[in-house]
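S.K.: Quick one: the structure is below, and I'll ask about it shortly.
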Amino acid sequence: MKKILQYIKIIKLGDTFVIVTFMGLIFWSVSQSWNMPSGQYLKIENNQEDSKVFSLNQTVNKQVIGFLGSSEISIAEGKVRFVKSPCTKKYCIHHGWINKINQTIVCLPNQITISIVGDSESYDTVNY
Amino acid sequence: MRFHKLLLIVILFLVSCSQKAPIYEHKDFIFGTIVDIKIYGETEEKSENISNLIFNDFKRLHNYLHPWEKSLISSMNNAIAAGSVFNVDDEEIIRIIQDNKNLASKSENYFNPAIGKLIALWGFHQELPNQMVPKAHQINELLANVTTMDDLKINQSTLSSANRNFQLDLGGYAKGYALDRAKKILANNGVANALVNIGGNIIAIGMHGDRSWIVGIQHPRKPSAIASIQLPPGWSIGTSGDYQRYFMDHDKRYSHLINPRTGFPADNSQSATIMIPPANNSGALSDAYSKPLFIAPEIEKLQLADKLGIDFFMVVLANGDILISSKMNESIQWLEQNNEKNITVH
């Protein structure tokens with residue numbers, strides 16, 4: 001007990017500043033990620049290159065090049081959707097948001113697949 | 001020294017944690033859909049080579065069986081429409097046609113690959129459907145003398161039909177047949193464990209390590225799975241649904257699954273899923289036999305399932321109610337709340 005008191009005594013103003021700043025930073029980052037899904041990611045596949053995996057913990061629009069041209073997808077707080085596509089029927093856009101593991105949106109005309117993958121997949125493939 | 005041992009144990013532990021299951025996945029777009037091959041427990045090089053063999057065979061089948069692009073089948077259709085005899089020097093196509101005759105007659109022609117003309121009339125013989133309901137007299141004209149596989153006569157290596165409306169469309173068979181081909185190629189190359197998915201038609205080869213392959217079954221109206229089920233070694237699963245190829249007109253849905261008896265898209269189901277045990281043609285069966293269960297009226301579905309020997313089936317009816325066989329019901333894992341749904345076990 002005495003020892004702890006001794007340590008507290010040697011804390012100076014600058015130390016307090018550093019401690020408060022870092023505690024604030026920790027609090028802020030925890031609150032930011034609190035509602036974010038953990039253990040699930042966005043997988044983008046197209047006809048041109050190997051599939052790519054992205055974090056869902058970001059708010060960003062991405063361009064993906066497909067068979068017909070460039071599609072735009074939007075990632076926002078753990079969910080993802082198509083927002084622009086050069087295909088004619090726009091089924092991919094009408095599909096709306098997906099946010100659960102194994103959910104997939106396929107744009108057949110533009111040959112782009114976006115799906116949510118995770119550490120704990122509940123099945124290997126989907127029958128449709 | 002003791003510290004080093006501890007470090008070694010920790011590193012080994014971390015390494016073993018990060019080791020992923022030895023699965024190699026290959027995807028490509030063929031048959032107008034996604035083909036997904038997963039190979040378990042082989043080296044990356046071998047699985048890549050074998051996937052390429054399979055993809056090449058699928059491309060061959062695509063160019064060979066395609067119902068409306070240039071292919072052997074469309075050449076035959078053109079010859080029949082012109083009233084002439086078509087010569088094929090090809091055992092495989094004769095076998096395929098025999099198989100289709102057999103499946104169509106068993107299914108009381110609810111699986112009817114001879115109605116290509118009707119399907120084209122509805123605008124489903126193009127990548128993007130017309131989105132137009134045909135005129136009644138056009139449908140009635142074809143319905144008055146509806147074509148069946150019996151109209152196609154095989155005389156050794158010549159094919160002919162007295163009914164010039166006969167147009168073979170293997171759209172409900174080719175993907176399943178391709179699964180059976182994939183199974184052969186995998187077996188010939190000594191691959192014991194794989195999962196092949198062609199646009200939703202799936203065959204399981206062996207297992208995923210020490211467990212069976214698990215398949216999610218698509219919800220016909222939601223972007224997620226309605227259930228999952230284990231697909232034991234050698235089994236195939238197929239679904240016919242109204243949610244992939246369809247168009248809307250005045251708020252009514254018209255799918256590509258045409259009822260050969262009415263000439264209209266069947267509208268009593270949203271999807272029909274069947275599982276077929278190991279057999280030489282289990283892939284083809286899982287593709288073809290999901291059609292009768294989707295198209296036939298509700299009462300006939302059960303009789304047809306019994307007659308065709310389909311023990312594992314699940315039909316999501318137009319109102320969302322579910323008709324499921326007792327065996328399917330025992331093995332299925334529901335993934336979503338079915339509170340509001342009526343499940344009838346047969």
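Residue names in the structure tokens use chain letters A, B, ... in the order shown, residue numbers from 1 in each chain, and ligand numbers from 1 in the order shown.
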At a cut-off of 10 Å, using only C-alpha atoms, what residues contact Gln126 in chain B? Leave out same-chain residues fewer than 4 positions from it and give the result as a list in words.
M.R.: Pro67, Trp68, Glu69, Ala120 and Asn130 of chain B
S.K.: Taking N, CA and C atoms for each residue, export the selection above as a PDB file, in the first residue's frame.
M.R.:
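This is the output file part-v4.pdb:
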```
ATOM      1  N   PRO B  67     -28.623 -25.021 -75.483  1.00  0.00           N
ATOM      2  CA  PRO B  67     -29.911 -25.082 -76.164  1.00  0.00           C
ATOM      3  C   PRO B  67     -30.118 -24.027 -77.256  1.00  0.00           C
ATOM      4  N   TRP B  68     -29.479 -22.865 -77.146  1.00  0.00           N
ATOM      5  CA  TRP B  68     -29.769 -21.869 -78.198  1.00  0.00           C
ATOM      6  C   TRP B  68     -28.533 -21.317 -78.884  1.00  0.00           C
ATOM      7  N   GLU B  69     -27.355 -21.404 -78.248  1.00  0.00           N
ATOM      8  CA  GLU B  69     -26.157 -20.986 -78.977  1.00  0.00           C
ATOM      9  C   GLU B  69     -25.733 -22.127 -79.913  1.00  0.00           C
ATOM     10  N   ALA B 120     -38.574 -21.022 -75.415  1.00  0.00           N
ATOM     11  CA  ALA B 120     -38.115 -19.885 -76.222  1.00  0.00           C
ATOM     12  C   ALA B 120     -39.230 -18.853 -76.373  1.00  0.00           C
ATOM     13  N   ASN B 130     -37.202 -11.786 -72.292  1.00  0.00           N
ATOM     14  CA  ASN B 130     -37.980 -10.713 -72.914  1.00  0.00           C
ATOM     15  C   ASN B 130     -38.775  -9.882 -71.930  1.00  0.00           C
TER      16      ASN B 130
END
```
S.K.: Could you please tell me, as an MDAnalysis selection string, which residues of chain B have an atom within 8 Å of chain A when using only C-alpha atoms?
M.R.: chainID B and resid 28:29 32:34 197 199:202 213:218 223:225 228 237:241
S.K.: Near range 160-177 of chain B, within 8 Å and counting only C-alpha atoms, which residues show up once chain neighbours fewer than 4 positions away are dropped, as a PyMOL selection string?
M.R.: chain B and resi 31+61+65-67+73-74+77+80-86+113-117+142+147-148+151-154+181+198-199+201+281-288+291
S.K.: Which residue, A:Ile4, A:Met23, A:Val117, A:Phe54, has the smallest gap to Ile75 in chain A when you use only C-alpha atoms?
M.R.: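 Among the listed residues, the smallest separation from Ile75 in chain A belongs to A:Phe54.
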S.K.: Could you check the closest approach to His219 in chain B for each of B:Leu257, B:Ala104, B:Val88, B:Met314 and tell me which residue wins, using only C-alpha atoms?
M.R.: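 Of all the options, B:Met314 lies closest to His219 in chain B.
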S.K.: Go through A:Gln48, A:Gln58, A:Ser29, A:Asn110 one by one, measure the shortest atom-to-atom distance of each to Ser74 in chain A using only C-alpha atoms, and give the residue with the smallest value.
M.R.: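 Ranking A:Gln48, A:Gln58, A:Ser29, A:Asn110 by distance to Ser74 in chain A, first place goes to A:Gln58.
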S.K.: Using DSSP on the backbone coordinates, identify the residues of range 98-337 of chain B assigned to alpha helix (DSSP H); present them as a PyMOL selection string.
M.R.: chain B and resi 98-106+116-121+136-144+174-188+282-288+290-295+298-308+326-331
S.K.: Quick one: residues within 10 Å of Glu298 in chain B, only C-alpha atoms counted, chain neighbours fewer than 3 positions away excluded, as a ChimeraX atom specification?
M.R.: /B:268-269,293-295,301-303,315,317,323
S.K.: Which of these residues is nearest to Glu49 in chain A, using only C-alpha atoms: A:Thr16, A:Thr21, A:Glu77, A:Gly66?
M.R.: A:Gly66
S.K.: Give me, as a PyMOL selection string, the residues of range 108-269 of chain B that a backbone DSSP run labels strand (DSSP E or B).
M.R.: chain B and resi 115+152-155+158-161+167+194-198+201-205+208+211+213-218+225-231+236-241+246-249+252-255+258+265+269
S.K.: Restricting the output to C-alpha atoms, write the selected residues as a CSV table (one decimal), in the first residue's frame.
M.R.:
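Contents of again33.csv, freshly written:
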```
chain,number,residue,atom,x,y,z
B,115,ILE,CA,-40.5,-28.2,-75.1
B,152,LEU,CA,-37.7,-38.0,-81.1
B,153,LYS,CA,-36.9,-41.2,-83.0
B,154,ILE,CA,-33.5,-42.8,-82.7
B,155,ASN,CA,-32.4,-45.1,-85.5
B,158,THR,CA,-29.9,-40.9,-87.0
B,159,LEU,CA,-32.3,-38.7,-85.2
B,160,SER,CA,-35.6,-37.5,-86.5
B,161,SER,CA,-39.0,-36.3,-85.5
B,167,GLN,CA,-36.8,-28.7,-79.8
B,194,ALA,CA,-14.2,-32.8,-53.2
B,195,LEU,CA,-17.3,-30.7,-53.5
B,196,VAL,CA,-18.6,-29.5,-56.9
B,197,ASN,CA,-21.2,-26.8,-57.2
B,198,ILE,CA,-22.6,-25.9,-60.7
B,201,ASN,CA,-26.5,-28.2,-58.3
B,202,ILE,CA,-24.0,-30.0,-56.0
B,203,ILE,CA,-22.3,-33.4,-55.7
B,204,ALA,CA,-20.2,-34.4,-52.7
B,205,ILE,CA,-17.2,-36.7,-53.3
B,208,HIS,CA,-14.4,-32.7,-45.6
B,211,ARG,CA,-17.0,-34.7,-41.3
B,213,TRP,CA,-19.7,-31.8,-46.6
B,214,ILE,CA,-22.4,-29.4,-45.4
B,215,VAL,CA,-24.6,-27.5,-47.9
B,216,GLY,CA,-26.7,-24.5,-47.2
B,217,ILE,CA,-30.1,-24.4,-48.9
B,218,GLN,CA,-31.0,-21.0,-50.3
B,225,ALA,CA,-29.9,-19.9,-46.4
B,226,ILE,CA,-33.1,-21.3,-45.0
B,227,ALA,CA,-31.5,-24.5,-43.7
B,228,SER,CA,-28.3,-26.6,-44.0
B,229,ILE,CA,-27.9,-30.3,-44.5
B,230,GLN,CA,-25.1,-32.8,-44.5
B,231,LEU,CA,-24.4,-34.2,-48.0
B,236,SER,CA,-26.1,-35.0,-55.0
B,237,ILE,CA,-28.5,-32.2,-54.2
B,238,GLY,CA,-30.5,-30.1,-56.6
B,239,THR,CA,-33.0,-27.2,-56.4
B,240,SER,CA,-35.4,-25.8,-58.9
B,241,GLY,CA,-36.5,-22.3,-57.9
B,246,TYR,CA,-37.7,-15.0,-64.0
B,247,PHE,CA,-39.4,-11.8,-64.9
B,248,MET,CA,-42.2,-9.8,-63.3
B,249,ASP,CA,-45.2,-8.5,-65.2
B,252,LYS,CA,-46.8,-11.5,-61.2
B,253,ARG,CA,-43.7,-13.6,-61.3
B,254,TYR,CA,-43.0,-15.7,-64.4
B,255,SER,CA,-40.1,-18.2,-63.9
B,258,ILE,CA,-42.7,-24.0,-67.6
B,265,PRO,CA,-44.6,-21.0,-65.8
B,269,SER,CA,-43.9,-23.4,-55.6
```
S.K.: Provide the CA of Gln270 in chain B to CA of Tyr243 in chain B distance in Å, to one decimal place.
M.R.: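 CA of Tyr243 in chain B lies at a distance of 7.4 Å from CA of Gln270 in chain B.
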S.K.: How far is it from CA of Gly41 in chain B to CA of Pro233 in chain B, in Å with one decimal?
M.R.: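 Those two atoms sit 15.1 Å apart.
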S.K.: Could you please determine the separation between CA of Trp235 in chain B and CA of Asp267 in chain B in Å, to one decimal place?
M.R.: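 CA of Asp267 in chain B lies at a distance of 28.5 Å from CA of Trp235 in chain B.
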S.K.: Quick one: residues within 12 Å of Ala144 in chain B, only C-alpha atoms counted, chain neighbours fewer than 3 positions away excluded, as a compact mmCIF listing (two decimals) with C-alpha atoms, in the first residue's frame?
M.R.:
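Output saved as part.txt:
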```txt
# COMPACT_ATOMS: atom_id res chain seq x y z
CA LEU B 118 -42.29 -23.21 -75.53
CA ALA B 136 -52.58 -16.89 -75.67
CA HIS B 137 -52.90 -18.19 -79.22
CA GLN B 138 -49.13 -18.67 -79.46
CA ILE B 139 -49.12 -20.80 -76.30
CA ASN B 140 -52.22 -22.74 -77.34
CA GLU B 141 -50.73 -23.51 -80.72
CA THR B 147 -43.87 -32.19 -77.90
CA ASN B 163 -43.27 -33.19 -84.99
CA ASN B 165 -42.08 -28.27 -83.16
CA PRO B 260 -45.69 -28.56 -70.10
CA ARG B 261 -49.40 -29.19 -69.38
CA THR B 262 -50.51 -25.57 -69.10
CA GLY B 263 -47.86 -23.87 -71.20
```
